[in-house]
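Asks: So that you have it, the file is data29.csv, and it contains CSV, C-alpha atoms:
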chain,number,residue,atom,x,y,z
A,365,MET,CA,50.9,27.1,-22.0
A,366,SER,CA,49.4,30.5,-22.7
A,367,LEU,CA,45.8,31.2,-23.6
A,368,ALA,CA,44.5,33.1,-26.6
A,369,LEU,CA,42.6,35.4,-24.2
A,370,ASP,CA,44.8,38.4,-23.1
A,371,ALA,CA,46.0,38.6,-19.5
A,372,ALA,CA,44.0,41.6,-18.6
A,373,ALA,CA,40.8,39.8,-19.7
A,374,GLN,CA,41.8,36.7,-17.7
A,375,ASP,CA,42.2,38.8,-14.6
A,376,LEU,CA,39.0,40.8,-15.1
A,377,LEU,CA,36.8,37.7,-15.6
A,378,PHE,CA,38.5,35.0,-13.5
A,379,ARG,CA,41.9,35.5,-11.8
A,380,GLU,CA,41.2,38.7,-10.0
A,381,ALA,CA,37.5,38.7,-10.1
A,382,ARG,CA,35.9,37.9,-6.7
A,383,THR,CA,32.4,37.4,-5.2
A,384,ALA,CA,31.7,40.7,-3.5
A,385,ASN,CA,29.9,40.9,-0.2
A,386,THR,CA,30.0,44.7,0.1
A,387,PHE,CA,29.4,47.4,-2.6
A,388,THR,CA,29.8,51.1,-3.2
A,389,GLU,CA,26.7,53.2,-3.7
A,390,GLU,CA,27.5,53.7,-7.4
A,391,PRO,CA,24.3,52.7,-9.2
A,392,VAL,CA,24.1,50.0,-11.9
A,393,SER,CA,22.0,51.2,-14.9
A,394,ASP,CA,19.7,49.4,-17.1
A,395,GLU,CA,22.1,50.2,-20.0
A,396,GLN,CA,24.8,48.3,-18.2
A,397,VAL,CA,22.5,45.3,-17.7
A,398,GLN,CA,21.6,45.5,-21.4
A,399,ALA,CA,25.3,45.5,-22.4
A,400,ILE,CA,25.8,42.4,-20.2
A,401,TYR,CA,22.9,40.7,-21.8
A,402,ASP,CA,23.9,41.7,-25.3
A,403,LEU,CA,27.2,39.9,-24.7
A,404,VAL,CA,26.2,36.8,-22.8
A,405,LYS,CA,23.1,36.0,-24.8
A,406,TYR,CA,25.4,34.4,-27.3
A,407,GLY,CA,26.5,31.7,-24.9
A,408,PRO,CA,25.4,28.3,-26.2
A,409,THR,CA,22.4,26.2,-24.8
A,410,ALA,CA,21.0,22.9,-26.0
A,411,PHE,CA,18.8,23.6,-29.0
A,412,ASN,CA,19.3,27.3,-28.3
A,413,GLN,CA,16.6,26.9,-25.7
A,414,SER,CA,17.8,30.0,-23.7
A,415,PRO,CA,15.6,29.4,-20.6
A,416,LEU,CA,17.3,32.0,-18.4
A,417,ARG,CA,15.1,34.9,-17.2
A,418,VAL,CA,16.3,37.9,-15.1
A,419,THR,CA,14.2,39.9,-12.7
A,420,LEU,CA,15.9,43.2,-11.7
A,421,VAL,CA,14.8,44.2,-8.2
A,422,ARG,CA,14.7,48.0,-8.7
A,423,THR,CA,12.2,49.5,-6.3
A,424,PRO,CA,12.8,49.8,-2.5
A,425,GLU,CA,9.5,48.1,-1.9
A,426,ALA,CA,10.5,45.0,-4.0
A,427,ARG,CA,13.9,45.0,-2.4
A,428,LYS,CA,12.3,44.7,1.1
A,429,ARG,CA,10.1,41.9,-0.1
A,430,LEU,CA,13.1,40.0,-1.5
A,431,VAL,CA,15.3,40.5,1.6
A,432,LYS,CA,12.8,38.8,3.9
A,433,HIS,CA,13.2,35.6,1.9
A,434,MET,CA,17.0,35.6,2.0
A,435,ALA,CA,19.1,33.6,4.5
A,436,GLU,CA,20.0,35.8,7.5
A,437,GLY,CA,23.7,36.0,6.5
A,438,ASN,CA,22.7,37.2,3.0
A,439,ARG,CA,20.3,39.9,4.1
A,440,PRO,CA,22.7,42.9,4.7
A,441,LYS,CA,24.4,42.6,1.4
A,442,THR,CA,21.1,42.0,-0.5
A,443,ALA,CA,19.6,45.1,1.2
A,444,THR,CA,22.5,47.3,0.2
A,445,ALA,CA,23.8,46.2,-3.2
A,446,PRO,CA,23.2,48.8,-5.9
A,447,LEU,CA,21.3,46.2,-8.0
A,448,VAL,CA,19.9,42.8,-7.2
A,449,ALA,CA,18.8,40.4,-9.9
A,450,ILE,CA,16.8,37.2,-9.4
A,451,LEU,CA,17.9,34.7,-12.0
A,452,SER,CA,15.2,32.1,-12.9
A,453,VAL,CA,14.3,29.7,-15.6
A,454,ASP,CA,11.2,29.6,-17.8
A,455,ASN,CA,10.0,26.0,-17.8
A,456,GLU,CA,7.8,26.9,-20.7
A,457,PHE,CA,10.8,27.9,-22.8
A,458,HIS,CA,9.6,25.6,-25.6
A,459,ASP,CA,7.0,28.3,-26.6
A,460,GLU,CA,9.9,30.4,-27.9
A,461,LEU,CA,11.5,27.6,-29.8
A,462,PRO,CA,9.8,28.4,-33.2
A,463,LYS,CA,11.7,31.7,-33.0
A,464,LEU,CA,14.9,30.4,-31.4
A,465,LEU,CA,15.3,27.4,-33.6
A,466,PRO,CA,13.6,28.3,-36.9
A,467,HIS,CA,15.5,25.6,-38.9
A,468,ALA,CA,14.3,22.7,-36.8
A,469,PRO,CA,10.6,23.1,-36.0
A,470,ALA,CA,10.2,19.5,-35.1
A,471,VAL,CA,12.4,19.8,-31.9
A,472,LYS,CA,9.7,21.5,-29.9
A,473,ASP,CA,7.3,18.5,-29.9
A,474,ALA,CA,9.9,15.8,-30.3
A,475,PHE,CA,12.0,16.7,-27.3
A,476,PHE,CA,10.1,19.1,-25.1
A,477,ALA,CA,6.4,18.0,-25.1
A,478,GLU,CA,6.7,16.9,-21.5
A,479,ARG,CA,7.0,19.3,-18.6
A,480,PRO,CA,9.4,17.2,-16.4
A,481,VAL,CA,11.8,17.0,-19.4
A,482,ARG,CA,11.5,20.8,-19.9
A,483,GLU,CA,12.2,21.4,-16.2
A,484,GLN,CA,15.3,19.3,-16.2
A,485,ALA,CA,16.6,20.9,-19.4
A,486,ALA,CA,15.8,24.4,-18.1
A,487,ALA,CA,17.6,23.8,-14.8
A,488,MET,CA,20.8,22.6,-16.5
A,489,ASN,CA,20.8,25.1,-19.4
A,490,GLY,CA,19.7,28.0,-17.2
A,491,ALA,CA,22.5,27.3,-14.7
A,492,LEU,CA,24.9,27.2,-17.7
A,493,GLN,CA,23.6,30.6,-18.7
A,494,ALA,CA,23.9,31.8,-15.1
A,495,GLY,CA,27.6,31.0,-15.5
A,496,TYR,CA,27.8,33.2,-18.6
A,497,PHE,CA,25.8,35.9,-16.8
A,498,ILE,CA,28.3,36.0,-13.9
A,499,VAL,CA,31.2,36.3,-16.4
A,500,GLY,CA,29.2,39.0,-18.2
A,501,VAL,CA,28.8,41.1,-15.0
A,502,ARG,CA,32.5,40.9,-14.6
A,503,ALA,CA,33.0,41.9,-18.2
A,504,ALA,CA,31.1,45.1,-17.4
A,505,GLY,CA,33.7,45.9,-14.8
A,506,LEU,CA,31.3,45.0,-12.0
A,507,ALA,CA,31.4,42.5,-9.2
A,508,ALA,CA,28.8,39.8,-8.8
A,509,GLY,CA,27.6,38.3,-5.6
A,510,PRO,CA,25.7,35.1,-6.5
A,511,MET,CA,23.7,33.5,-3.7
A,512,THR,CA,21.6,30.4,-3.3
A,513,GLY,CA,20.9,30.9,0.4
A,514,PHE,CA,17.2,31.9,0.2
A,515,ASP,CA,13.7,30.5,0.4
A,516,PHE,CA,13.2,29.3,-3.1
A,517,ASP,CA,9.5,28.7,-2.7
A,518,GLY,CA,9.1,32.1,-1.1
A,519,VAL,CA,10.9,33.9,-3.9
A,520,GLN,CA,9.0,32.1,-6.5
A,521,LYS,CA,5.6,33.0,-4.9
A,522,GLU,CA,6.7,36.6,-4.3
A,523,PHE,CA,8.2,37.4,-7.7
A,524,LEU,CA,7.6,34.7,-10.2
A,525,ASP,CA,4.8,32.3,-11.2
A,526,ASP,CA,4.3,28.5,-11.5
A,527,ASP,CA,6.2,28.3,-14.7
A,528,HIS,CA,9.4,30.0,-13.5
A,529,THR,CA,11.8,28.4,-11.0
A,530,PRO,CA,14.4,30.6,-9.2
A,531,LEU,CA,18.1,29.6,-9.8
A,532,MET,CA,19.9,32.2,-7.7
A,533,VAL,CA,19.9,35.8,-6.6
A,534,VAL,CA,22.9,38.0,-7.7
A,535,ASN,CA,24.0,41.2,-6.1
A,536,ILE,CA,25.7,43.5,-8.6
A,537,GLY,CA,27.8,46.6,-8.2
A,538,LYS,CA,31.3,48.0,-7.6
A,539,PRO,CA,33.0,46.3,-4.7
A,540,GLY,CA,33.1,48.2,-1.5
A,541,GLU,CA,35.3,48.1,1.6
A,542,ASP,CA,36.4,44.7,2.7
A,543,ALA,CA,34.4,43.3,-0.1
A,544,TRP,CA,35.7,39.7,0.1
A,545,PHE,CA,37.3,37.0,2.2
A,546,PRO,CA,40.8,35.8,1.2
A,547,ARG,CA,40.3,33.4,-1.8
A,548,SER,CA,39.6,29.9,-0.8
A,549,PRO,CA,41.7,27.0,-2.3
A,550,ARG,CA,40.7,25.3,-5.5
A,551,LEU,CA,41.0,21.7,-6.4
A,552,ASP,CA,44.2,20.7,-8.2
A,553,TYR,CA,44.1,19.8,-11.8
A,554,ASP,CA,44.6,16.1,-11.1
A,555,GLU,CA,41.7,16.0,-8.6
A,556,VAL,CA,39.3,17.3,-11.3
A,557,VAL,CA,40.6,16.1,-14.7
A,558,THR,CA,41.3,12.4,-15.5
A,559,SER,CA,41.9,10.6,-18.8
A,560,VAL,CA,40.6,7.4,-20.2
B,342,MET,CA,27.2,51.4,-23.2
B,343,SER,CA,30.6,49.8,-23.5
B,344,LEU,CA,32.0,46.9,-21.4
B,345,ALA,CA,35.2,46.9,-19.5
B,346,LEU,CA,36.2,43.7,-21.4
B,347,ASP,CA,38.1,44.6,-24.6
B,348,ALA,CA,36.3,44.0,-27.9
B,349,ALA,CA,38.7,41.2,-29.0
B,350,ALA,CA,38.0,39.3,-25.9
B,351,GLN,CA,34.2,39.8,-26.3
B,352,ASP,CA,34.5,38.4,-29.8
B,353,LEU,CA,36.7,35.4,-28.7
B,354,LEU,CA,34.5,34.4,-25.9
B,355,PHE,CA,31.0,35.3,-27.1
B,356,ARG,CA,30.3,37.3,-30.2
B,357,GLU,CA,32.3,35.4,-32.7
B,358,ALA,CA,32.6,32.1,-30.8
B,359,ARG,CA,30.4,29.3,-32.1
B,360,THR,CA,29.5,25.8,-31.3
B,361,ALA,CA,31.6,23.7,-33.7
B,362,ASN,CA,30.3,20.6,-35.4
B,363,THR,CA,33.5,19.8,-37.4
B,364,PHE,CA,37.1,20.1,-36.4
B,365,THR,CA,40.6,20.2,-37.9
B,366,GLU,CA,43.0,17.3,-37.0
B,367,GLU,CA,45.2,19.6,-34.8
B,368,PRO,CA,45.4,17.9,-31.5
B,369,VAL,CA,44.5,19.4,-28.1
B,370,SER,CA,47.2,18.8,-25.5
B,371,ASP,CA,46.9,18.1,-21.8
B,372,GLU,CA,48.8,21.4,-21.3
B,373,GLN,CA,46.0,23.3,-23.1
B,374,VAL,CA,43.4,21.6,-20.9
B,375,GLN,CA,45.5,22.4,-17.8
B,376,ALA,CA,45.6,26.1,-18.9
B,377,ILE,CA,41.8,26.1,-19.3
B,378,TYR,CA,41.3,24.6,-15.9
B,379,ASP,CA,43.8,26.9,-14.3
B,380,LEU,CA,41.7,29.8,-15.5
B,381,VAL,CA,38.1,28.6,-15.0
B,382,LYS,CA,38.7,27.0,-11.6
B,383,TYR,CA,38.4,30.5,-10.1
B,384,GLY,CA,34.7,30.8,-11.2
B,385,PRO,CA,32.5,31.0,-8.1
B,386,THR,CA,30.3,28.1,-6.7
B,387,ALA,CA,28.1,28.0,-3.6
B,388,PHE,CA,30.4,27.5,-0.6
B,389,ASN,CA,33.2,26.9,-3.1
B,390,GLN,CA,31.8,23.4,-3.5
B,391,SER,CA,33.4,22.9,-7.0
B,392,PRO,CA,31.6,19.7,-8.0
B,393,LEU,CA,32.6,19.7,-11.7
B,394,ARG,CA,34.8,16.8,-12.8
B,395,VAL,CA,36.2,16.3,-16.3
B,396,THR,CA,37.0,13.0,-18.0
B,397,LEU,CA,39.2,13.4,-21.1
B,398,VAL,CA,38.4,10.6,-23.6
B,399,ARG,CA,42.0,10.1,-24.9
B,400,THR,CA,42.3,6.5,-26.2
B,401,PRO,CA,40.6,5.3,-29.4
B,402,GLU,CA,39.1,2.4,-27.5
B,403,ALA,CA,37.5,4.8,-25.0
B,404,ARG,CA,36.3,7.0,-27.8
B,405,LYS,CA,34.5,4.1,-29.4
B,406,ARG,CA,32.9,3.2,-26.1
B,407,LEU,CA,31.6,6.8,-25.8
B,408,VAL,CA,30.4,7.2,-29.4
B,409,LYS,CA,28.0,4.2,-29.0
B,410,HIS,CA,26.1,6.1,-26.2
B,411,MET,CA,25.8,9.3,-28.2
B,412,ALA,CA,22.6,10.3,-30.1
B,413,GLU,CA,23.0,9.4,-33.8
B,414,GLY,CA,23.3,13.0,-35.0
B,415,ASN,CA,26.2,13.5,-32.5
B,416,ARG,CA,28.2,10.4,-33.4
B,417,PRO,CA,30.3,11.7,-36.4
B,418,LYS,CA,31.5,14.8,-34.6
B,419,THR,CA,32.2,12.9,-31.3
B,420,ALA,CA,34.1,10.3,-33.3
B,421,THR,CA,36.3,12.9,-35.1
B,422,ALA,CA,36.9,15.8,-32.7
B,423,PRO,CA,40.5,16.1,-31.6
B,424,LEU,CA,39.5,15.8,-27.9
B,425,VAL,CA,36.2,14.8,-26.2
B,426,ALA,CA,35.6,15.6,-22.6
B,427,ILE,CA,32.8,14.1,-20.4
B,428,LEU,CA,31.7,16.8,-17.8
B,429,SER,CA,30.2,15.3,-14.7
B,430,VAL,CA,29.5,16.3,-11.1
B,431,ASP,CA,30.7,14.6,-8.0
B,432,ASN,CA,27.7,14.1,-5.7
B,433,GLU,CA,30.2,13.4,-2.8
B,434,PHE,CA,31.8,16.8,-3.3
B,435,HIS,CA,31.3,17.5,0.5
B,436,ASP,CA,34.3,15.2,1.2
B,437,GLU,CA,36.5,18.0,-0.3
B,438,LEU,CA,34.9,20.8,1.7
B,439,PRO,CA,37.4,20.8,4.6
B,440,LYS,CA,40.0,21.7,2.0
B,441,LEU,CA,37.8,24.0,-0.1
B,442,LEU,CA,36.2,25.9,2.7
B,443,PRO,CA,38.8,25.8,5.5
B,444,HIS,CA,37.3,28.8,7.3
B,445,ALA,CA,33.8,27.3,7.7
B,446,PRO,CA,34.1,23.6,8.7
B,447,ALA,CA,30.5,23.5,10.0
B,448,VAL,CA,29.1,23.9,6.4
B,449,LYS,CA,29.8,20.3,5.4
B,450,ASP,CA,27.4,18.8,8.0
B,451,ALA,CA,25.1,21.7,8.4
B,452,PHE,CA,24.2,21.9,4.7
B,453,PHE,CA,25.4,18.8,2.9
B,454,ALA,CA,24.7,15.8,5.1
B,455,GLU,CA,21.9,14.6,2.9
B,456,ARG,CA,22.6,13.1,-0.5
B,457,PRO,CA,19.5,14.5,-2.3
B,458,VAL,CA,20.6,18.0,-1.2
B,459,ARG,CA,24.1,17.4,-2.5
B,460,GLU,CA,22.8,16.1,-5.8
B,461,GLN,CA,20.7,19.2,-6.4
B,462,ALA,CA,23.5,21.5,-5.4
B,463,ALA,CA,26.0,19.6,-7.6
B,464,ALA,CA,23.7,19.7,-10.6
B,465,MET,CA,23.3,23.5,-10.4
B,466,ASN,CA,26.8,24.4,-9.4
B,467,GLY,CA,28.3,21.9,-11.8
B,468,ALA,CA,26.3,23.4,-14.7
B,469,LEU,CA,27.5,26.8,-13.6
B,470,GLN,CA,31.1,25.5,-13.8
B,471,ALA,CA,30.3,23.9,-17.2
B,472,GLY,CA,29.4,27.5,-18.4
B,473,TYR,CA,32.8,28.7,-17.1
B,474,PHE,CA,34.5,25.7,-18.8
B,475,ILE,CA,33.0,26.4,-22.2
B,476,VAL,CA,34.2,30.1,-21.9
B,477,GLY,CA,37.6,28.7,-20.9
B,478,VAL,CA,37.8,26.5,-24.0
B,479,ARG,CA,37.2,29.6,-26.1
B,480,ALA,CA,39.7,31.5,-24.0
B,481,ALA,CA,42.3,28.9,-25.2
B,482,GLY,CA,41.5,29.8,-28.8
B,483,LEU,CA,39.5,26.6,-29.3
B,484,ALA,CA,36.0,25.8,-30.2
B,485,ALA,CA,33.7,23.9,-27.9
B,486,GLY,CA,30.9,21.6,-29.1
B,487,PRO,CA,28.8,20.9,-26.0
B,488,MET,CA,26.2,18.1,-26.3
B,489,THR,CA,23.4,16.7,-24.1
B,490,GLY,CA,22.2,14.3,-26.7
B,491,PHE,CA,23.4,11.0,-25.3
B,492,ASP,CA,22.4,8.1,-23.1
B,493,PHE,CA,23.1,9.5,-19.6
B,494,ASP,CA,22.8,6.2,-17.8
B,495,GLY,CA,25.0,4.5,-20.4
B,496,VAL,CA,27.7,7.1,-20.1
B,497,GLN,CA,27.6,6.9,-16.3
B,498,LYS,CA,27.9,3.1,-16.3
B,499,GLU,CA,30.6,3.1,-18.9
B,500,PHE,CA,32.9,5.8,-17.6
B,501,LEU,CA,31.8,7.0,-14.1
B,502,ASP,CA,30.4,5.5,-10.9
B,503,ASP,CA,27.3,5.8,-8.7
B,504,ASP,CA,28.6,9.0,-7.2
B,505,HIS,CA,29.2,10.9,-10.5
B,506,THR,CA,26.4,12.1,-12.7
B,507,PRO,CA,27.1,13.2,-16.3
B,508,LEU,CA,26.3,16.8,-17.2
B,509,MET,CA,27.3,17.0,-20.9
B,510,VAL,CA,29.9,15.8,-23.4
B,511,VAL,CA,32.1,18.5,-25.0
B,512,ASN,CA,34.0,18.2,-28.3
B,513,ILE,CA,37.0,20.4,-28.3
B,514,GLY,CA,39.4,21.5,-31.1
B,515,LYS,CA,40.0,24.0,-33.9
B,516,PRO,CA,36.9,24.4,-36.1
B,517,GLY,CA,37.0,22.6,-39.4
B,518,GLU,CA,35.2,23.2,-42.7
B,519,ASP,CA,31.6,24.2,-42.5
B,520,ALA,CA,31.9,24.0,-38.7
B,521,TRP,CA,28.6,25.6,-37.9
B,522,PHE,CA,25.1,26.6,-39.0
B,523,PRO,CA,24.2,30.3,-39.3
B,524,ARG,CA,23.7,31.7,-35.8
B,525,SER,CA,20.2,31.2,-34.5
B,526,PRO,CA,18.3,34.2,-33.1
B,527,ARG,CA,18.5,35.1,-29.5
B,528,LEU,CA,15.7,36.5,-27.3
B,529,ASP,CA,15.4,40.3,-27.1
B,530,TYR,CA,16.5,42.0,-23.9
B,531,ASP,CA,12.8,42.8,-23.0
B,532,GLU,CA,11.9,39.1,-23.4
B,533,VAL,CA,14.5,38.1,-20.8
B,534,VAL,CA,15.0,41.0,-18.4
B,535,THR,CA,12.1,42.6,-16.4
B,536,SER,CA,12.1,45.0,-13.5
B,537,VAL,CA,10.1,45.0,-10.3
Would you write the structure of this file as structure tokens?
Replies:
Amino acid sequence: MSLALDAAAQDLLFREARTANTFTEEPVSDEQVQAIYDLVKYGPTAFNQSPLRVTLVRTPEARKRLVKHMAEGNRPKTATAPLVAILSVDNEFHDELPKLLPHAPAVKDAFFAERPVREQAAAMNGALQAGYFIVGVRAAGLAAGPMTGFDFDGVQKEFLDDDHTPLMVVNIGKPGEDAWFPRSPRLDYDEVVTSV
Amino acid sequence: MSLALDAAAQDLLFREARTANTFTEEPVSDEQVQAIYDLVKYGPTAFNQSPLRVTLVRTPEARKRLVKHMAEGNRPKTATAPLVAILSVDNEFHDELPKLLPHAPAVKDAFFAERPVREQAAAMNGALQAGYFIVGVRAAGLAAGPMTGFDFDGVQKEFLDDDHTPLMVVNIGKPGEDAWFPRSPRLDYDEVVTSV
């Protein structure tokens, strides 16, 4: 069974794309990040809530502050990647709903009046958007190195505020030497997909 | 700034792809789902934990049991889509880690001995994989209709077990007549991406 997506795109986004642990020194520009966002912003979220936020760690001083919150094994690559992005979610995303969902103004108060509900929705929909973002980094011809091995409270206090929860940190750039391990096995179809 | 991904693929996956609310009667085969899985299984997760599970609702009897747990506005499309899939996460995913992460056997007990930690990791990484899955449905030339408007406890009790938590229900098929609303606005780049 063949897919509608051409083979080169399948390779670029999934089959040959890998999580990079080393990078070349080639910089990643704001224009590249903008092109990624302008593609993946179209990925669907519930009620178009779009809770994902991206903090680009651009200055050497900010990079140092981030590295100290990373798990030890993640520090060298976070220190040397051309660009590092903190992905977080905005738990007050409902403030943007009048703009994001203009045809259904009742949704904001009917569904998202309570903070715990917003936090749960933002966590799920933000992670969904993080999936689109990783695909988008690859669509730009770059490698992503997503990491959850860091001090979440530390990163939140250092870079965000009480309304924003970190999701992951992503190294971005062209893969360097020995950029990855051999690919680990995946589950078989029958281990993942069942029918009722 | 152009992307490495060709324009047709950009359109197929993001720019022209839309969440469908109506579908044609053209069936979606298990071979198509297999092709989707065989593409998106390569999307990265933390420690390759791969917690996403997919339940295809194939029989009319199972479809009826699902529809009764859906929010009222989601019932007609869930009743008529060619294929409906329940996406869930396996909170006992660590049982598969010896196979999924053969080079790092210590990870299972060092990181995932505690159920609450596994639940949190599965929720985030499963949603990330749901993002890849939606992209994969589109890569197959199909439209996805992801929904979180349903009784989560009801769907869990009806179709899953205590170790599996529902993430979303996804209608899958070729888009039908008046399949979607006009696209809602997205946030501007500067509203989402900041630099430090």
Asks: Hey, which of A:Asp525, A:Gln413, A:Arg379, A:Asp459 ends up closest to Tyr378 in chain B? Count all atoms listed in the file.
Replies: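 For Tyr378 in chain B, the nearest of the given residues is A:Arg379.
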Asks: With all atoms listed in the file as the basis for distance, which of B:Phe493, B:Phe388, B:Tyr383, B:Phe355 is at the shortest distance from Arg550 in chain A?
Replies: B:Tyr383
Asks: Show me, as a PDB file with C-alpha atoms, in the frame of the given file, the residues of chain B whose atoms get within 6 Å of chain A, using all atoms listed in the file for the distance check.
Replies:
ATOM      1  CA  LEU B 344      32.000  46.900 -21.400  1.00  0.00           C
ATOM      2  CA  ALA B 345      35.200  46.900 -19.500  1.00  0.00           C
ATOM      3  CA  LEU B 346      36.200  43.700 -21.400  1.00  0.00           C
ATOM      4  CA  PHE B 355      31.000  35.300 -27.100  1.00  0.00           C
ATOM      5  CA  TYR B 383      38.400  30.500 -10.100  1.00  0.00           C
ATOM      6  CA  ARG B 394      34.800  16.800 -12.800  1.00  0.00           C
ATOM      7  CA  VAL B 395      36.200  16.300 -16.300  1.00  0.00           C
ATOM      8  CA  THR B 396      37.000  13.000 -18.000  1.00  0.00           C
ATOM      9  CA  LEU B 397      39.200  13.400 -21.100  1.00  0.00           C
ATOM     10  CA  VAL B 398      38.400  10.600 -23.600  1.00  0.00           C
ATOM     11  CA  ARG B 399      42.000  10.100 -24.900  1.00  0.00           C
ATOM     12  CA  LEU B 441      37.800  24.000  -0.100  1.00  0.00           C
ATOM     13  CA  MET B 465      23.300  23.500 -10.400  1.00  0.00           C
ATOM     14  CA  ALA B 468      26.300  23.400 -14.700  1.00  0.00           C
ATOM     15  CA  LEU B 469      27.500  26.800 -13.600  1.00  0.00           C
ATOM     16  CA  GLY B 472      29.400  27.500 -18.400  1.00  0.00           C
ATOM     17  CA  TYR B 473      32.800  28.700 -17.100  1.00  0.00           C
ATOM     18  CA  ALA B 480      39.700  31.500 -24.000  1.00  0.00           C
ATOM     19  CA  ALA B 481      42.300  28.900 -25.200  1.00  0.00           C
ATOM     20  CA  GLY B 482      41.500  29.800 -28.800  1.00  0.00           C
ATOM     21  CA  PRO B 526      18.300  34.200 -33.100  1.00  0.00           C
ATOM     22  CA  VAL B 533      14.500  38.100 -20.800  1.00  0.00           C
ATOM     23  CA  VAL B 534      15.000  41.000 -18.400  1.00  0.00           C
ATOM     24  CA  THR B 535      12.100  42.600 -16.400  1.00  0.00           C
ATOM     25  CA  SER B 536      12.100  45.000 -13.500  1.00  0.00           C
ATOM     26  CA  VAL B 537      10.100  45.000 -10.300  1.00  0.00           C
TER      27      VAL B 537
END
Asks: Mind pulling up the distance from CA of Ala468 in chain A to CA of Pro516 in chain B?
Replies: 22.7 Å
Asks: For CA of His505 in chain B and CA of His528 in chain A, quote the distance in Å rounded to one decimal.
Replies: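 Calculated distance between CA of His505 in chain B and CA of His528 in chain A is 27.7 Å.
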Asks: Figure out the distance between CA of Ala463 in chain B and CA of Pro507 in chain B, please, to one decimal in Å.
Replies: 10.9 Å
Asks: Considering all atoms listed in the file, return as a list of chain:residue names whatever protein or nucleic-acid residues lie within 12 Å of Asn415 in chain B, sequence-local ones (same chain, fewer than 6 positions apart) excluded.
Replies: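 Near neighbours after the sequence-gap exclusion: B:Ala361, B:Asn362, B:Thr363, B:Leu407, B:Val408, B:Lys409, B:Thr421, B:Ala422, B:Val425, B:Gly486, B:Pro487, B:Met488, B:Thr489, B:Gly490, B:Phe491, B:Asp492, B:Val510, B:Val511, B:Asn512.
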Asks: Go ahead and save the residues from that selection, with C-alpha atoms, as a CSV table (one decimal), keeping the file's coordinate frame.
Replies:
chain,number,residue,atom,x,y,z
B,361,ALA,CA,31.6,23.7,-33.7
B,362,ASN,CA,30.3,20.6,-35.4
B,363,THR,CA,33.5,19.8,-37.4
B,407,LEU,CA,31.6,6.8,-25.8
B,408,VAL,CA,30.4,7.2,-29.4
B,409,LYS,CA,28.0,4.2,-29.0
B,421,THR,CA,36.3,12.9,-35.1
B,422,ALA,CA,36.9,15.8,-32.7
B,425,VAL,CA,36.2,14.8,-26.2
B,486,GLY,CA,30.9,21.6,-29.1
B,487,PRO,CA,28.8,20.9,-26.0
B,488,MET,CA,26.2,18.1,-26.3
B,489,THR,CA,23.4,16.7,-24.1
B,490,GLY,CA,22.2,14.3,-26.7
B,491,PHE,CA,23.4,11.0,-25.3
B,492,ASP,CA,22.4,8.1,-23.1
B,510,VAL,CA,29.9,15.8,-23.4
B,511,VAL,CA,32.1,18.5,-25.0
B,512,ASN,CA,34.0,18.2,-28.3
